[in-house]
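Engineer: Enclosed is the structure file coords36.cif (mmCIF, C-alpha atoms).
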data_target
loop_
_atom_site.label_atom_id
_atom_site.label_comp_id
_atom_site.auth_asym_id
_atom_site.auth_seq_id
_atom_site.Cartn_x
_atom_site.Cartn_y
_atom_site.Cartn_z
CA MET K 1 93.93 131.43 96.88
CA THR K 2 91.95 132.55 93.89
CA GLU K 3 90.20 135.86 94.09
CA GLY K 4 86.68 135.58 95.44
CA ALA K 5 87.02 131.93 96.43
CA ALA K 6 85.53 131.23 99.82
CA VAL K 7 87.11 128.61 102.03
CA PRO K 8 86.12 127.84 105.60
CA PRO K 9 88.32 128.60 108.61
CA GLY K 10 90.84 125.82 108.99
CA TRP K 11 91.21 125.19 105.25
CA PRO K 12 94.81 124.10 104.56
CA GLY K 13 96.93 126.86 103.05
CA ASP K 14 98.61 124.45 100.60
CA VAL K 15 95.30 123.47 99.00
CA ARG K 16 93.71 125.70 96.39
CA PRO K 17 90.02 126.49 96.87
CA PRO K 18 87.48 124.14 95.29
CA GLY K 19 86.75 125.22 91.75
CA ALA K 20 90.17 126.78 91.24
CA PRO K 21 92.24 125.28 88.43
CA HIS K 22 94.00 122.10 89.58
CA TRP K 23 92.56 122.36 93.07
CA GLU K 24 92.19 118.58 93.32
CA SER K 25 95.86 118.02 92.52
CA THR K 26 96.86 120.36 95.35
CA ALA K 27 94.42 118.52 97.64
CA ARG K 28 95.88 115.16 96.60
CA SER K 29 99.43 116.33 97.24
CA TRP K 30 98.48 117.70 100.68
CA LEU K 31 96.61 114.52 101.58
CA PHE K 32 99.56 112.35 100.59
CA ASP K 33 101.75 114.47 102.87
CA LEU K 34 99.53 113.43 105.80
CA CYS K 35 100.12 109.75 105.08
CA PRO K 36 103.06 107.35 105.16
CA PRO K 37 105.20 107.65 102.01
CA ASP K 38 104.27 104.15 100.82
CA TYR K 39 100.69 105.31 100.22
CA ARG K 40 101.95 107.12 97.11
CA GLY K 41 102.56 103.74 95.49
CA HIS K 42 98.88 102.83 95.36
CA ALA K 43 97.30 104.01 92.10
CA VAL K 44 93.75 103.91 93.49
CA LEU K 45 94.69 106.66 95.96
CA THR K 46 95.98 108.86 93.15
CA ARG K 47 92.96 108.22 90.93
CA HIS K 48 90.40 108.74 93.68
CA PRO K 49 91.26 111.59 96.07
CA ALA K 50 88.08 110.93 98.08
CA VAL K 51 89.47 107.46 98.89
CA LEU K 52 92.80 109.03 99.81
CA ALA K 53 91.02 111.48 102.13
CA TRP K 54 89.14 108.61 103.77
CA LEU K 55 92.32 106.63 104.36
CA ALA K 56 94.23 109.71 105.52
CA GLY K 57 91.47 110.29 108.07
CA HIS K 58 91.97 106.82 109.50
CA HIS K 59 95.72 107.39 109.59
CA LEU K 60 95.33 110.72 111.42
CA ASP K 61 92.85 109.17 113.86
CA GLY K 62 95.43 106.49 114.68
CA GLN K 63 98.09 109.13 115.25
CA LEU K 64 95.75 111.05 117.55
CA GLN K 65 94.98 107.91 119.51
CA ALA K 66 98.69 107.15 119.92
CA THR K 67 99.42 110.75 120.93
CA ARG K 68 96.70 110.71 123.57
CA ARG K 69 97.99 107.41 124.94
CA ALA K 70 101.48 108.88 125.12
CA LEU K 71 100.13 111.87 127.06
CA ALA K 72 98.30 109.57 129.46
CA THR K 73 101.30 107.36 130.16
CA ALA K 74 104.33 109.64 129.82
CA ARG K 75 104.80 110.39 133.51
CA SER K 76 104.49 106.79 134.66
CA GLU K 77 106.54 105.29 131.84
CA LEU K 78 109.28 107.93 131.65
CA GLY K 79 109.41 109.07 135.29
CA GLY K 80 112.20 106.68 136.27
CA VAL K 81 113.96 106.85 132.91
CA VAL K 82 114.65 110.56 132.39
CA PRO K 83 114.85 113.55 134.76
CA PRO K 84 111.60 115.44 135.57
CA PRO K 85 112.45 118.40 133.28
CA ALA K 86 112.76 115.97 130.36
CA VAL K 87 109.34 114.50 131.18
CA ALA K 88 107.85 118.01 131.25
CA GLU K 89 109.53 118.85 127.94
CA THR K 90 108.23 115.60 126.45
CA LEU K 91 104.69 116.41 127.54
CA GLU K 92 104.95 119.85 125.93
CA ALA K 93 106.19 118.31 122.67
CA VAL K 94 103.43 115.70 122.64
CA GLU K 95 100.77 118.31 123.46
CA ALA K 96 102.02 120.43 120.56
CA GLU K 97 101.84 117.40 118.30
CA GLU K 98 98.29 116.69 119.45
CA ALA K 99 97.29 120.28 118.57
CA ARG K 100 98.90 119.94 115.13
CA LEU K 101 97.09 116.66 114.49
CA LEU K 102 93.74 118.12 115.59
CA ALA K 103 94.18 121.03 113.18
CA ALA K 104 95.15 118.64 110.39
CA ARG K 105 92.12 116.45 111.15
CA ARG K 106 89.80 119.47 110.90
CA ALA K 107 91.42 120.58 107.64
CA LEU K 108 91.19 117.05 106.28
CA GLY K 109 87.47 116.99 107.05
CA LEU K 110 86.99 120.22 105.11
CA VAL K 111 88.95 118.92 102.11
CA ALA K 112 87.07 115.60 102.20
CA GLU K 113 83.74 117.45 102.12
CA ALA K 114 84.91 119.55 99.17
CA LEU K 115 86.00 116.40 97.32
CA ARG K 116 82.42 115.12 97.80
CA GLY K 117 81.06 118.30 96.24
CA ILE K 118 80.06 120.08 99.45
CA ARG K 119 80.90 123.77 99.06
CA PHE K 120 81.45 126.30 101.82
CA VAL K 121 79.08 129.24 101.85
CA PRO K 122 80.25 132.08 104.11
CA ARG K 123 77.71 133.49 106.55
CA LEU K 124 76.95 137.18 106.43
#
Could you rewrite the structure in this file as structure tokens?
Structural biologist:
Amino acid sequence: MTEGAAVPPGWPGDVRPPGAPHWESTARSWLFDLCPPDYRGHAVLTRHPAVLAWLAGHHLDGQLQATRRALATARSELGGVVPPPAVAETLEAVEAEEARLLAARRALGLVAEALRGIRFVPRL
């Protein structure tokens, strides 16, 4: 982070603060990491990081939806397939993934706002 730059809680550590040199390139790289690798082949996403953030948001929302469905159905769908400890372990793994995705979704929202010119002002 650059000295004196204010970023909100939840800002991704791999993205430089808005206004720092090359901050948008670090945002673009981080956003691409949230998406399937094939997204890197679309020039419009490289040229317009706000579009990339929008699409990454839809991708993360889909992942969250799938994760929540997995949590809702794991016991019934895996109960007769694997032993109970494996089901419990699976639920823990999926819950951890849900938490990771929620944090990424929050961070993505912050980066998307910054790409639209909205700057964080810390409260005193």
Engineer: Of the candidates K:Leu115, K:Leu102, K:Leu110, K:Leu91, which one gets nearest to Val7 (chain K) if we count only C-alpha atoms?
Structural biologist: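 Among the listed residues, the smallest separation from Val7 (chain K) belongs to K:Leu110.
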Engineer: Which neighbours of Ala66 (chain K) fall inside 12 Å, counting all atoms listed in the file, when residues of the same chain fewer than 6 positions from it are skipped, and could you give them as a PyMOL selection string?
Structural biologist: chain K and resi 59-60+72-74+94-95+97-98+101
Engineer: I'd like the interatomic distance between CA of Pro49 (chain K) and CA of Thr67 (chain K), to a tenth of an Å.
Structural biologist: 26.2 Å
Engineer: Enter the distance from CA of Arg28 (chain K) to CA of Pro9 (chain K), in Å, rounded to one decimal.
Structural biologist: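 These atoms are spaced 19.5 Å apart.
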Engineer: CA of Glu92 (chain K) and CA of Gly109 (chain K), how far apart in Å?
Structural biologist: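 These atoms are spaced 25.9 Å apart.
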Engineer: Quick one: residues within 12 Å of Ile118 (chain K), all atoms listed in the file, excluding same-chain residues fewer than 4 positions away - as a list in words?
Structural biologist: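 The neighbour list is Val7, Pro8, Pro18, Gly19, Gly109, Leu110, Val111, Ala112, Glu113 and Ala114 of chain K.
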Engineer: Which residue is closest to Arg106 (chain K)? Choose from K:Ala6, K:Val44, K:Ala20, K:Ala56 and count all atoms listed in the file.
Structural biologist: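 Using all atoms listed in the file, Arg106 (chain K) sits closest to K:Ala56.
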Engineer: What residues come out when you apply the PyMOL selection byres ((chain K and resi 35) around 10) to this file, written as a PyMOL selection string?
Structural biologist: chain K and resi 30-34+36-40+52-53+55-60
Engineer: Could you work out an axis-aligned box for region 6-12 of chain K, taking every atom the file lists and adding 4 Å on each side, and report centre and edge lengths in Å to one decimal, as AutoDock Vina command-line options?
Structural biologist:
--center_x 90.2 --center_y 127.7 --center_z 104.4 --size_x 17.3 --size_y 15.1 --size_z 17.2
Engineer: Under the rule that all atoms listed in the file are counted, which of K:Ala104, K:Leu45, K:Ala86, K:Leu64 is the nearest residue to Pro12 (chain K)?
Structural biologist: K:Ala104
Engineer: Nearest to Gly117 (chain K): which of K:Ala27, K:Ala50, K:Ala88, K:Val15 is it, counting only C-alpha atoms?
Structural biologist: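 Comparing K:Ala27, K:Ala50, K:Ala88, K:Val15 against Gly117 (chain K), the winner is K:Ala50.
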